[in-house]
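Coordinates from query04.txt are shown below (compact mmCIF, C-alpha atoms).
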```
# COMPACT_ATOMS: atom_id res chain seq x y z
CA MET N 1 71.83 118.56 113.07
CA ASN N 2 68.23 117.57 113.17
CA SER N 3 66.95 115.77 116.23
CA ASN N 4 65.83 112.85 114.10
CA GLU N 5 69.43 112.09 113.11
CA VAL N 6 70.58 112.42 116.72
CA ASP N 7 67.99 109.81 117.67
CA TRP N 8 69.26 107.42 114.99
CA VAL N 9 72.82 107.91 116.22
CA VAL N 10 71.80 107.26 119.83
CA LEU N 11 70.00 104.08 118.81
CA ALA N 12 72.93 102.97 116.67
CA LYS N 13 75.27 103.53 119.61
CA ALA N 14 73.10 101.13 121.58
CA GLY N 15 73.69 98.56 118.85
CA ASP N 16 70.39 98.91 116.99
CA ARG N 17 71.06 97.43 113.55
CA GLY N 18 67.98 99.15 112.07
CA ALA N 19 69.30 102.55 113.13
CA MET N 20 72.66 101.75 111.58
CA HIS N 21 70.94 100.85 108.34
CA GLU N 22 69.03 104.12 108.42
CA LEU N 23 72.24 106.11 108.90
CA TYR N 24 73.79 104.14 106.05
CA GLU N 25 70.85 104.90 103.78
CA ARG N 26 71.02 108.60 104.56
CA ASN N 27 74.74 109.00 103.97
CA ARG N 28 75.79 106.29 101.54
CA SER N 29 75.47 108.40 98.38
CA ARG N 30 77.67 111.26 99.54
CA ILE N 31 80.33 108.91 100.90
CA TYR N 32 80.29 106.81 97.74
CA SER N 33 80.48 109.95 95.64
CA LEU N 34 83.54 111.15 97.55
CA ALA N 35 85.15 107.72 97.31
CA TYR N 36 84.43 107.45 93.60
CA ARG N 37 85.74 110.92 92.77
CA TYR N 38 88.85 110.27 94.79
CA ALA N 39 89.61 106.63 93.95
CA GLY N 40 88.43 106.78 90.39
CA ASN N 41 86.73 103.43 90.01
CA VAL N 42 83.76 101.51 91.31
CA ALA N 43 85.66 98.67 92.98
CA ASP N 44 87.89 100.91 95.06
CA ALA N 45 85.06 103.31 95.81
CA GLU N 46 82.95 100.41 97.04
CA ASP N 47 85.81 99.26 99.29
CA ILE N 48 86.19 102.76 100.71
CA LEU N 49 82.43 103.01 101.24
CA GLN N 50 82.34 99.73 103.17
CA ASP N 51 85.48 100.50 105.18
CA THR N 52 84.10 103.89 106.11
CA PHE N 53 80.81 102.55 107.48
CA ILE N 54 82.44 99.60 109.24
CA LYS N 55 84.92 101.90 110.98
CA ALA N 56 82.21 104.45 111.72
CA PHE N 57 79.89 101.92 113.37
CA GLN N 58 82.75 100.33 115.26
CA SER N 59 83.80 103.68 116.69
CA LEU N 60 80.33 105.17 117.05
CA GLN N 61 80.81 105.61 120.80
CA LYS N 62 83.40 108.30 120.04
CA CYS N 63 80.91 110.27 117.96
CA GLN N 64 79.82 113.26 120.03
CA LEU N 65 77.10 115.19 118.24
CA ASN N 66 75.31 118.39 119.20
CA GLU N 67 73.01 120.82 117.41
CA ASN N 68 75.98 122.35 115.55
CA SER N 69 77.55 119.16 114.30
CA TYR N 70 76.44 116.71 111.70
CA PHE N 71 76.82 112.98 111.52
CA ALA N 72 77.78 113.38 107.85
CA THR N 73 80.71 115.65 108.73
CA TRP N 74 81.98 113.12 111.26
CA LEU N 75 81.52 110.43 108.64
CA TYR N 76 83.43 112.47 106.07
CA ARG N 77 86.41 112.51 108.38
CA ILE N 78 86.44 108.72 108.53
CA ALA N 79 85.88 108.49 104.78
CA VAL N 80 88.80 110.83 104.09
CA ASN N 81 91.11 108.68 106.21
CA CYS N 82 89.85 105.50 104.58
CA ALA N 83 90.35 106.99 101.12
CA LEU N 84 93.88 108.20 101.93
CA ASP N 85 94.74 104.80 103.45
CA HIS N 86 93.32 103.05 100.44
CA PHE N 87 95.35 105.23 98.13
CA ARG N 88 98.54 104.52 100.09
CA ARG N 89 97.89 100.79 99.88
CA ARG N 90 97.40 101.08 96.16
CA ARG N 91 100.41 103.28 95.57
CA HIS N 92 102.30 100.44 94.00
CA GLU N 93 99.87 100.44 91.09
CA SER N 94 101.24 101.85 87.90
CA LYS N 95 100.72 105.47 87.03
CA VAL N 96 99.01 104.41 83.83
CA GLU N 97 96.43 102.37 85.68
CA LEU N 98 95.71 105.18 88.13
CA SER N 99 95.41 107.59 85.27
CA THR N 100 92.91 105.34 83.55
CA LYS N 101 90.87 105.07 86.72
CA LEU N 102 90.90 108.78 87.27
CA ALA N 103 89.80 109.26 83.71
CA ALA N 104 86.73 107.19 84.43
CA ALA N 105 85.97 109.26 87.49
CA VAL N 106 86.51 112.69 86.07
CA GLY N 107 85.16 112.34 82.62
CA ASN N 108 85.03 109.87 79.64
CA GLU N 109 81.65 108.53 80.59
CA GLY N 110 78.16 109.84 80.08
CA ALA N 111 76.20 110.82 77.02
CA GLY N 112 75.46 114.01 75.09
CA THR N 113 75.79 115.56 71.67
CA PRO N 114 79.05 114.77 69.90
CA GLU N 115 80.22 118.41 70.25
CA SER N 116 79.37 118.74 73.92
CA GLU N 117 80.84 115.32 74.55
CA TYR N 118 84.06 116.34 72.82
CA VAL N 119 84.33 119.56 74.85
CA ARG N 120 83.60 117.72 78.05
CA ASN N 121 86.10 114.99 77.27
CA GLU N 122 88.78 117.52 76.44
CA SER N 123 88.10 119.48 79.63
CA ALA N 124 88.01 116.25 81.57
CA ARG N 125 91.38 115.27 80.17
CA LEU N 126 92.94 118.56 81.23
CA VAL N 127 91.35 118.51 84.68
CA ARG N 128 92.37 114.88 85.11
CA ARG N 129 95.96 115.65 84.25
CA GLY N 130 95.94 118.54 86.72
CA LEU N 131 94.44 116.43 89.50
CA GLU N 132 96.94 113.66 88.89
CA ARG N 133 99.77 116.01 89.65
CA LEU N 134 98.35 117.18 92.96
CA THR N 135 99.41 115.59 96.23
CA GLU N 136 96.95 113.16 97.83
CA ARG N 137 95.87 115.69 100.41
CA LYS N 138 95.47 118.57 97.98
CA ARG N 139 93.49 116.34 95.67
CA MET N 140 91.27 115.39 98.59
CA VAL N 141 90.67 119.07 99.43
CA VAL N 142 89.71 119.80 95.82
CA VAL N 143 87.41 116.77 95.64
CA LEU N 144 85.69 117.71 98.91
CA ARG N 145 85.28 121.29 97.78
CA HIS N 146 84.31 120.98 94.16
CA TYR N 147 82.66 117.57 93.92
CA GLN N 148 81.23 117.21 97.41
CA GLN N 149 80.43 120.94 97.65
CA LEU N 150 81.60 121.08 101.27
CA LYS N 151 82.13 124.40 103.01
CA ILE N 152 85.58 125.33 104.28
CA GLY N 153 84.61 124.57 107.89
CA GLU N 154 83.28 121.14 106.94
CA ILE N 155 86.45 120.31 104.99
CA ALA N 156 88.52 121.36 108.01
CA VAL N 157 86.55 118.98 110.23
CA ALA N 158 86.80 116.18 107.68
CA LEU N 159 90.55 116.59 107.32
CA GLY N 160 91.14 117.30 111.00
CA CYS N 161 92.93 120.59 110.37
CA SER N 162 92.29 124.32 110.66
CA GLN N 163 90.21 126.35 108.23
CA GLY N 164 93.29 128.44 107.46
CA SER N 165 95.15 125.32 106.44
CA VAL N 166 92.28 124.23 104.19
CA LYS N 167 92.20 127.64 102.51
CA LYS N 168 95.95 127.55 101.93
CA GLN N 169 95.83 124.05 100.46
CA LEU N 170 92.89 124.97 98.30
CA PHE N 171 94.57 128.11 96.97
CA ARG N 172 97.72 126.16 96.21
CA ALA N 173 95.82 123.30 94.59
CA LEU N 174 93.75 125.65 92.46
CA GLY N 175 96.85 127.65 91.55
CA GLN N 176 98.58 124.47 90.47
CA LEU N 177 95.52 123.33 88.53
CA LYS N 178 95.30 126.70 86.82
CA LYS N 179 98.96 126.49 85.79
CA GLU N 180 98.44 123.01 84.36
CA LEU N 181 95.34 124.07 82.49
CA SER N 182 96.96 127.26 81.13
CA ALA N 183 100.01 125.31 79.98
CA SER N 184 97.83 122.72 78.25
CA MET N 185 95.65 125.32 76.58
CA GLY N 186 98.65 127.42 75.60
CA GLY N 187 100.41 124.34 74.18
CA MET A 1 89.56 146.10 102.62
CA LYS A 2 93.08 144.79 102.20
CA CYS A 3 93.73 142.21 99.47
CA LYS A 4 95.14 139.73 102.01
CA LYS A 5 91.98 139.86 104.08
CA PHE A 6 89.93 139.56 100.93
CA LYS A 7 91.85 136.46 99.89
CA ASP A 8 91.19 134.92 103.28
CA LEU A 9 87.45 135.54 102.95
CA MET A 10 87.17 134.43 99.35
CA PHE A 11 85.99 130.87 100.01
CA VAL A 12 83.76 131.97 102.88
CA TYR A 13 82.14 134.48 100.50
CA GLN A 14 81.72 131.71 97.95
CA ASP A 15 80.03 129.62 100.64
CA GLY A 16 77.63 132.50 101.30
CA GLN A 17 78.67 132.63 104.92
CA LEU A 18 79.70 136.28 105.14
CA ALA A 19 77.64 138.65 107.25
CA GLU A 20 75.93 141.48 105.36
CA PRO A 21 78.38 144.35 106.19
CA GLU A 22 81.39 142.16 105.34
CA LYS A 23 79.73 140.97 102.17
CA ALA A 24 79.10 144.58 101.07
CA GLY A 25 82.75 145.47 101.76
CA PHE A 26 83.82 142.38 99.88
CA ASP A 27 81.71 143.35 96.86
CA ARG A 28 83.14 146.88 96.91
CA HIS A 29 86.69 145.54 96.98
CA LEU A 30 85.89 143.13 94.18
CA ARG A 31 84.76 146.02 91.98
CA ALA A 32 87.74 148.19 92.92
CA CYS A 33 90.58 145.64 92.77
CA PRO A 34 91.19 144.00 89.38
CA ALA A 35 93.77 141.54 90.81
CA CYS A 36 91.41 140.15 93.45
CA SER A 37 88.56 140.17 90.99
CA ALA A 38 90.61 138.13 88.53
CA ARG A 39 91.66 135.70 91.26
CA PHE A 40 88.09 135.19 92.39
CA GLU A 41 86.94 134.62 88.83
CA GLU A 42 89.65 132.01 88.40
CA ILE A 43 88.39 130.12 91.41
CA ILE A 44 84.85 130.17 90.09
CA GLU A 45 86.07 129.20 86.62
CA ILE A 46 88.13 126.23 87.77
CA GLY A 47 85.26 125.02 89.95
CA SER A 48 82.88 125.33 87.05
CA LEU A 49 85.29 123.55 84.70
CA MET A 50 85.60 120.67 87.14
CA GLN A 51 81.84 120.43 87.39
CA LYS A 52 81.47 120.40 83.62
CA ALA A 53 84.21 117.83 83.20
CA ALA A 54 82.80 115.54 85.85
CA ALA A 55 81.29 112.37 84.55
CA PRO A 56 78.22 110.86 86.15
CA ILE A 57 79.11 108.62 89.02
CA ALA A 58 78.98 104.97 88.08
CA GLY A 59 76.34 103.09 90.00
CA VAL A 60 76.96 100.61 92.76
CA ASP A 61 74.81 98.04 94.51
CA PHE A 62 74.31 99.76 97.86
CA ASP A 63 72.24 96.89 99.25
CA LYS A 64 75.00 94.41 98.57
CA SER A 65 77.47 96.76 100.25
CA TRP A 66 75.22 97.00 103.30
CA LEU A 67 75.12 93.22 103.58
CA GLN A 68 78.90 93.15 103.65
CA ILE A 69 79.05 95.95 106.23
CA ALA A 70 76.51 94.14 108.40
CA ALA A 71 78.48 90.91 108.09
CA ALA A 72 81.66 92.68 109.17
CA LEU A 73 79.85 94.11 112.18
CA SER A 74 78.39 90.80 113.24
CA PRO A 75 79.61 89.34 116.55
CA ALA A 76 81.17 86.39 114.72
CA ALA A 77 83.31 88.67 112.58
CA ARG A 78 84.32 90.73 115.61
CA ARG A 79 85.59 87.64 117.41
CA GLN A 80 89.18 88.25 116.41
CA PHE A 81 92.48 87.52 117.98
CA PHE A 82 93.18 89.89 120.83
CA TRP A 83 96.09 91.51 119.00
CA MET A 84 93.84 92.36 116.08
CA ARG A 85 91.61 94.34 118.42
CA SER A 86 94.51 96.00 120.21
CA PRO A 87 95.17 99.65 119.62
CA ARG A 88 97.76 100.30 116.99
CA TRP A 89 100.21 101.87 119.44
CA LEU A 90 100.26 98.67 121.48
CA LEU A 91 101.25 96.64 118.44
CA ILE A 92 103.90 99.16 117.46
CA THR A 93 105.37 99.18 120.99
CA ALA A 94 105.37 95.38 121.11
CA GLY A 95 107.11 95.32 117.73
CA PHE A 96 109.81 97.73 118.86
CA LEU A 97 110.30 95.80 122.10
CA ALA A 98 110.69 92.50 120.27
CA PHE A 99 113.10 94.12 117.82
CA PHE A 100 115.14 95.58 120.70
CA ILE A 101 115.33 92.26 122.58
CA LEU A 102 116.37 90.39 119.46
CA GLY A 103 118.94 93.10 118.69
CA VAL A 104 120.47 92.88 122.17
CA ALA A 105 120.55 89.08 122.01
CA PHE A 106 122.21 89.20 118.59
CA ALA A 107 124.76 91.78 119.74
CA ARG A 108 125.64 89.77 122.84
CA LEU A 109 126.14 86.61 120.84
CA ASN A 110 128.19 88.21 118.11
CA PHE A 111 130.07 91.09 119.67
CA PHE A 112 130.34 90.07 123.32
CA PRO A 113 131.37 86.40 123.44
CA ALA A 114 131.04 84.57 126.72
CA ARG A 115 133.80 85.42 129.12
CA THR A 116 136.25 82.68 129.77
CA GLU A 117 139.14 82.47 132.15
CA THR A 118 142.32 83.21 130.31
CA THR A 119 145.04 80.69 130.76
CA ALA A 120 148.05 82.81 130.18
CA PRO A 121 151.24 81.24 128.92
CA LEU A 122 153.77 81.75 131.66
CA ASP A 123 157.47 81.99 131.17
CA THR A 124 158.31 84.36 133.96
CA PRO A 125 157.11 84.73 137.55
CA PHE A 126 153.62 85.99 136.97
CA MET A 127 151.01 87.64 139.10
CA TYR A 128 147.99 85.54 138.25
CA SER A 129 145.37 88.03 139.30
CA THR A 130 144.87 91.75 139.37
CA ARG A 131 145.03 91.48 143.14
CA ASP A 132 148.51 89.91 143.03
CA TYR A 133 149.67 92.46 140.51
CA PHE A 134 148.43 95.41 142.50
CA ALA A 135 149.93 93.96 145.64
CA ALA A 136 153.32 93.97 143.90
CA LEU A 137 152.77 97.40 142.40
CA GLN A 138 151.72 99.01 145.67
CA PRO A 139 155.18 99.46 147.26
CA VAL A 140 156.61 100.79 143.99
CA LEU A 141 153.94 103.44 143.72
CA SER A 142 153.96 104.38 147.39
CA GLU A 143 157.69 104.91 147.20
CA PHE A 144 157.08 107.72 144.74
CA SER A 145 153.65 108.97 145.65
CA ASN A 146 153.96 109.00 149.43
CA ALA A 147 157.45 110.36 149.68
CA PRO A 148 158.06 112.47 146.62
CA GLY A 149 161.44 113.96 146.44
CA GLN A 150 163.22 111.31 148.48
CA ASP A 151 165.52 110.58 145.66
CA GLY A 152 168.35 108.18 146.12
CA SER A 153 166.49 106.32 148.84
CA ASN A 154 164.19 104.30 146.64
CA THR A 155 164.81 100.61 146.38
CA THR A 156 162.88 100.00 143.22
CA GLY A 157 165.01 97.78 141.07
CA GLN A 158 164.94 97.85 137.26
CA VAL A 159 164.18 94.10 137.20
CA ARG A 160 161.12 94.62 139.35
CA ILE A 161 159.84 97.39 137.08
CA ARG A 162 160.42 95.26 133.98
CA LEU A 163 158.52 92.37 135.59
CA LEU A 164 155.61 94.67 136.35
CA LEU A 165 155.66 96.05 132.81
CA GLY A 166 155.78 92.53 131.35
CA ASN A 167 152.88 91.34 133.48
CA LEU A 168 150.97 94.47 132.57
CA ARG A 169 150.77 93.37 128.95
CA LEU A 170 149.05 90.13 129.90
CA LEU A 171 146.65 91.92 132.22
CA ARG A 172 145.86 94.29 129.40
CA LEU A 173 145.17 91.33 127.12
CA ARG A 174 142.69 89.93 129.62
CA ALA A 175 141.02 93.31 130.17
CA ASP A 176 140.85 93.76 126.40
CA ARG A 177 139.17 90.38 125.92
CA ASN A 178 136.66 91.27 128.60
CA ARG A 179 136.17 94.71 127.07
CA ASP A 180 136.73 96.28 130.45
CA SER A 181 137.41 99.86 129.43
CA SER A 182 137.84 101.23 132.98
CA LEU A 183 140.52 98.67 133.79
CA LEU A 184 142.19 99.29 130.43
CA ARG A 185 142.42 102.99 131.21
CA LEU A 186 143.91 102.23 134.62
CA LEU A 187 146.47 99.87 133.07
CA ASP A 188 147.40 102.57 130.55
CA ASP A 189 148.05 105.01 133.40
CA ILE A 190 150.07 102.41 135.29
CA GLU A 191 152.19 101.70 132.23
CA LEU A 192 152.87 105.39 131.76
CA VAL A 193 153.99 105.74 135.39
CA LEU A 194 156.10 102.57 135.25
CA LEU A 195 157.86 103.77 132.11
CA GLU A 196 158.61 107.07 133.84
CA ILE A 197 160.04 105.16 136.79
CA ALA A 198 162.04 102.87 134.48
CA HIS A 199 163.74 105.88 132.94
CA LEU A 200 164.13 107.76 136.17
CA ASP A 201 167.48 109.25 137.08
CA ARG A 202 167.78 108.74 140.81
CA SER A 203 169.67 111.90 141.27
CA ASP A 204 166.97 113.97 139.60
CA SER A 205 164.73 115.01 142.49
CA GLU A 206 162.54 117.13 140.24
CA HIS A 207 161.74 114.15 138.02
CA THR A 208 160.96 112.02 141.08
CA ARG A 209 158.56 114.69 142.29
CA LEU A 210 156.92 114.78 138.88
CA VAL A 211 156.40 111.00 138.93
CA GLY A 212 154.78 111.32 142.37
CA THR A 213 152.51 114.05 141.09
CA LEU A 214 151.64 111.93 138.08
CA ILE A 215 150.64 108.99 140.30
CA GLN A 216 148.43 111.27 142.39
CA GLU A 217 146.91 113.02 139.38
CA LYS A 218 145.96 109.77 137.76
CA GLY A 219 144.53 108.59 141.09
CA ILE A 220 146.11 105.18 140.57
CA PRO A 221 146.31 104.11 144.26
CA MET A 222 142.64 104.97 144.81
CA LYS A 223 141.55 103.04 141.74
CA MET A 224 143.67 100.08 142.78
CA LYS A 225 141.94 99.95 146.14
CA VAL A 226 138.67 99.48 144.36
CA PHE A 227 140.11 96.59 142.43
CA LYS A 228 141.49 95.00 145.56
CA PHE A 229 138.14 94.65 147.25
CA ALA A 230 137.46 91.30 145.70
CA ASP A 231 139.50 88.63 147.39
CA ARG A 232 139.63 86.30 144.45
CA LYS A 233 141.90 85.49 141.60
CA THR A 234 139.25 86.71 139.22
CA VAL A 235 138.54 90.28 140.17
CA GLN A 236 135.25 91.79 139.25
CA ILE A 237 134.98 95.51 139.20
CA GLN A 238 132.76 98.11 137.56
CA GLY A 239 131.04 95.51 135.48
CA GLY A 240 134.33 94.07 134.26
CA THR A 241 136.05 90.83 135.12
CA ILE A 242 139.68 89.89 134.97
```
Please express what this file holds, its structure, as structure tokens.
Amino acid sequence: MNSNEVDWVVLAKAGDRGAMHELYERNRSRIYSLAYRYAGNVADAEDILQDTFIKAFQSLQKCQLNENSYFATWLYRIAVNCALDHFRRRRHESKVELSTKLAAAVGNEGAGTPESEYVRNESARLVRRGLERLTERKRMVVVLRHYQQLKIGEIAVALGCSQGSVKKQLFRALGQLKKELSASMGG
Amino acid sequence: MKCKKFKDLMFVYQDGQLAEPEKAGFDRHLRACPACSARFEEIIEIGSLMQKAAAPIAGVDFDKSWLQIAAALSPAARRQFFWMRSPRWLLITAGFLAFFILGVAFARLNFFPARTETTAPLDTPFMYSTRDYFAALQPVLSEFSNAPGQDGSNTTGQVRIRLLLGNLRLLRLRADRNRDSSLLRLLDDIELVLLEIAHLDRSDSEHTRLVGTLIQEKGIPMKMKVFKFADRKTVQIQGGTI
């Protein structure tokens, strides 16, 4: 962690609103990206983004950083919990609606040539279907790994579990995804 | 390198976090083992497919979000009711406690009605209290428990036994209403002994000895002493009242 970020965190702990804004500016994109990939729509992602930063700033005193830890990793942990909570609250929503939202997050948007767009849409559909069938936690591991590009150690910190557990969940999730994709392509 | 170890290092290798000697060993294993090589390729392939399939992230007004975060962090917004600031465990404990208290109150009202003095219908000479009853029972029991084997000398009349048995039913009714299980057990034992006495052949010394043993085994005299401590018509013992 660079000393500059440590300084911002120290100031934010003291209640400096400017420092909080700086930390928000530095981390908002990655947290929003995680929230969007996980929740699947702008409204929910925005809620998760706001919840994450509100909770983070309210519990900033618990944030113990050193040269080997990053504010972003600590923030990821809060974001993961917010996203999982959000998902649990929204569980009553219909499968169809969730599926539509996930479609927006995984693919169906963007521009390109008709052929590339078709290929991407088809791939997106298959990936989306695979992701839908994963458990919340496995889906979170996959999102953190493949969309947020986090390393195994960082995912373990974000999820509050061991690296071994992350690897197991990732293997299982990817295995399940592969099965779904093979079945779809075969059919 | 074993396949299991390779599998464990696969993501670390992908992250580029393996030290040089381990990385070289990993590469060698990858070339030598088709199964691990295929597995690793799958991981790369799925990751790549997900990247390709990913749509651009829809934009959001970050400044507007910040305003809402700042508003939520403002002192005015933080001035909440105390229970909203309390740790979750405190709320959960309070909830359980309230549920428990309400449950106990409900159970008491519905399953344990207020105890009232029973006004027993009397048609025969009746021992109104447990104390009176035990006082009458005492000589009958001591005749058998203190001097077992003295057959032929007992003065226990059949009428007296029947009276005690008759009164026992009413005492049991009271104990039952008060849900006094310890007294109910004692009354059961007394009834058993009284029935034995009622059917006793005075010439059978062995039977008399057995009745004495039964009285001692059940510990009836000792239990009765406990009940006799209270010098009232309503005797309270071991949480029960009669």
- Across N:Ala183, N:Val157, N:Ala83, N:Arg145, the smallest distance to Gly40 (chain N), with only C-alpha atoms counted, is shown by N:Ala83
Find the residues around Gly153 (chain N) up to 10 Å (all atoms listed in the file counted), leave out those fewer than 5 positions away in its own chain, and share them as an mmCIF file with C-alpha atoms, keeping the file's coordinate frame.
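Contents of out.cif, freshly written:
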```cif
data_model
loop_
_atom_site.group_PDB
_atom_site.id
_atom_site.type_symbol
_atom_site.label_atom_id
_atom_site.label_comp_id
_atom_site.auth_asym_id
_atom_site.auth_seq_id
_atom_site.Cartn_x
_atom_site.Cartn_y
_atom_site.Cartn_z
ATOM 1 C CA THR N 73 80.710 115.650 108.730
ATOM 2 C CA ALA N 158 86.800 116.180 107.680
ATOM 3 C CA LEU N 159 90.550 116.590 107.320
ATOM 4 C CA CYS N 161 92.930 120.590 110.370
ATOM 5 C CA SER N 162 92.290 124.320 110.660
ATOM 6 C CA GLN N 163 90.210 126.350 108.230
ATOM 7 C CA GLY N 164 93.290 128.440 107.460
ATOM 8 C CA VAL N 166 92.280 124.230 104.190
ATOM 9 C CA LYS N 167 92.200 127.640 102.510
ATOM 10 C CA VAL A 12 83.760 131.970 102.880
ATOM 11 C CA ASP A 15 80.030 129.620 100.640
#
```
Using only C-alpha atoms, find each residue of chain N with at least one atom at most 9 Å away from an atom of chain A; report its shortest atom-to-atom pair and that distance in Å (one decimal), sort the rows by chain and rising residue number, and return the result as a Markdown table.
```
| residue | atom | partner | partner_atom | distance |
| --- | --- | --- | --- | --- |
| N:Arg17 | CA | A:Ala70 | CA | 8.2 |
| N:His21 | CA | A:Trp66 | CA | 7.7 |
| N:Tyr24 | CA | A:Trp66 | CA | 7.8 |
| N:Glu25 | CA | A:Phe62 | CA | 8.6 |
| N:Arg28 | CA | A:Phe62 | CA | 7.6 |
| N:Ser29 | CA | A:Phe62 | CA | 8.7 |
| N:Tyr32 | CA | A:Val60 | CA | 8.6 |
| N:Ser33 | CA | A:Ile57 | CA | 6.9 |
| N:Tyr36 | CA | A:Ile57 | CA | 7.1 |
| N:Arg37 | CA | A:Ile57 | CA | 8.0 |
| N:Asn41 | CA | A:Ala58 | CA | 8.1 |
| N:Val42 | CA | A:Ala58 | CA | 6.7 |
| N:Ala43 | CA | A:Val60 | CA | 8.9 |
| N:Glu46 | CA | A:Ser65 | CA | 7.3 |
| N:Asp47 | CA | A:Ser65 | CA | 8.8 |
| N:Leu49 | CA | A:Ser65 | CA | 8.0 |
| N:Gln50 | CA | A:Ile69 | CA | 5.9 |
| N:Asp51 | CA | A:Ile69 | CA | 7.9 |
| N:Phe53 | CA | A:Ile69 | CA | 6.9 |
| N:Ile54 | CA | A:Ile69 | CA | 5.8 |
| N:Phe57 | CA | A:Leu73 | CA | 7.9 |
| N:Gln58 | CA | A:Leu73 | CA | 7.5 |
| N:Ala104 | CA | A:Ala55 | CA | 7.5 |
| N:Ala105 | CA | A:Ala55 | CA | 6.3 |
| N:Val106 | CA | A:Ala54 | CA | 4.7 |
| N:Gly107 | CA | A:Ala55 | CA | 4.3 |
| N:Asn108 | CA | A:Ala55 | CA | 6.7 |
| N:Glu109 | CA | A:Ala55 | CA | 5.5 |
| N:Gly110 | CA | A:Ala55 | CA | 6.0 |
| N:Val119 | CA | A:Ala53 | CA | 8.5 |
| N:Arg120 | CA | A:Ala53 | CA | 5.2 |
| N:Asn121 | CA | A:Ala53 | CA | 6.8 |
| N:Glu122 | CA | A:Ala53 | CA | 8.2 |
| N:Ser123 | CA | A:Ala53 | CA | 5.5 |
| N:Ala124 | CA | A:Ala53 | CA | 4.4 |
| N:Arg125 | CA | A:Ala53 | CA | 8.2 |
| N:Leu126 | CA | A:Ala53 | CA | 9.0 |
| N:Val127 | CA | A:Met50 | CA | 6.6 |
| N:Arg128 | CA | A:Ala53 | CA | 8.9 |
| N:Arg145 | CA | A:Gly47 | CA | 8.7 |
| N:His146 | CA | A:Gly47 | CA | 5.9 |
| N:Tyr147 | CA | A:Gln51 | CA | 7.2 |
| N:Leu150 | CA | A:Asp15 | CA | 8.7 |
| N:Lys151 | CA | A:Asp15 | CA | 6.1 |
| N:Ile152 | CA | A:Phe11 | CA | 7.0 |
| N:Gly153 | CA | A:Val12 | CA | 9.0 |
| N:Gly164 | CA | A:Asp8 | CA | 8.0 |
| N:Lys167 | CA | A:Asp8 | CA | 7.4 |
| N:Lys168 | CA | A:Asp8 | CA | 8.9 |
| N:Phe171 | CA | A:Ile43 | CA | 8.6 |
| N:Leu174 | CA | A:Ile43 | CA | 7.1 |
| N:Gly175 | CA | A:Ile43 | CA | 8.8 |
| N:Leu177 | CA | A:Ile46 | CA | 8.0 |
| N:Lys178 | CA | A:Ile46 | CA | 7.2 |
```
- Mind giving me the straight-line distance from CA of Ile215 (chain A) to CA of Val193 (chain A) in Å, one decimal?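 Straight-line distance from CA of Ile215 (chain A) to CA of Val193 (chain A) works out to 6.8 Å.
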Test item: axis-aligned box, all listed atoms of region 22-31 of chain N, 6 Å on each side, centre and edges in Å rounded to one decimal, as AutoDock Vina command-line options:
```
--center_x 74.7 --center_y 107.7 --center_z 103.6 --size_x 23.3 --size_y 19.1 --size_z 22.5
```
- Excluding same-chain residues fewer than 3 positions from Phe134 (chain A), what lies within 8 Å of it counting all atoms listed in the file, as a list in words?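 Here the answer would be Thr130, Arg131, Leu137, Gln138, Met224 and Lys228 of chain A.
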- How far is it from CA of Pro75 (chain A) to CA of Phe87 (chain N), in Å with one decimal? 29.0 Å
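Restricting the calculation to all atoms listed in the file, the smallest distance between Glu154 (chain N) and any of N:Cys82, N:Ser69, N:Val142, N:Arg172 is found for N:Ser69.
Using all atoms listed in the file, the smallest distance between any of N:Gln169, N:Ala45, N:Leu75, N:Ala156 and Ser59 (chain N) comes from N:Leu75.
Here CA of Ser37 (chain A) stands at a distance of 14.3 Å from CA of Lys23 (chain A).
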- Query: Need the neighbours of (92.6, 113.3, 103.4): which residues are at most 6 Å away, counting all atoms listed in the file, as a ChimeraX atom specification?
  - Reply: /N:80-81,84,137,140,159
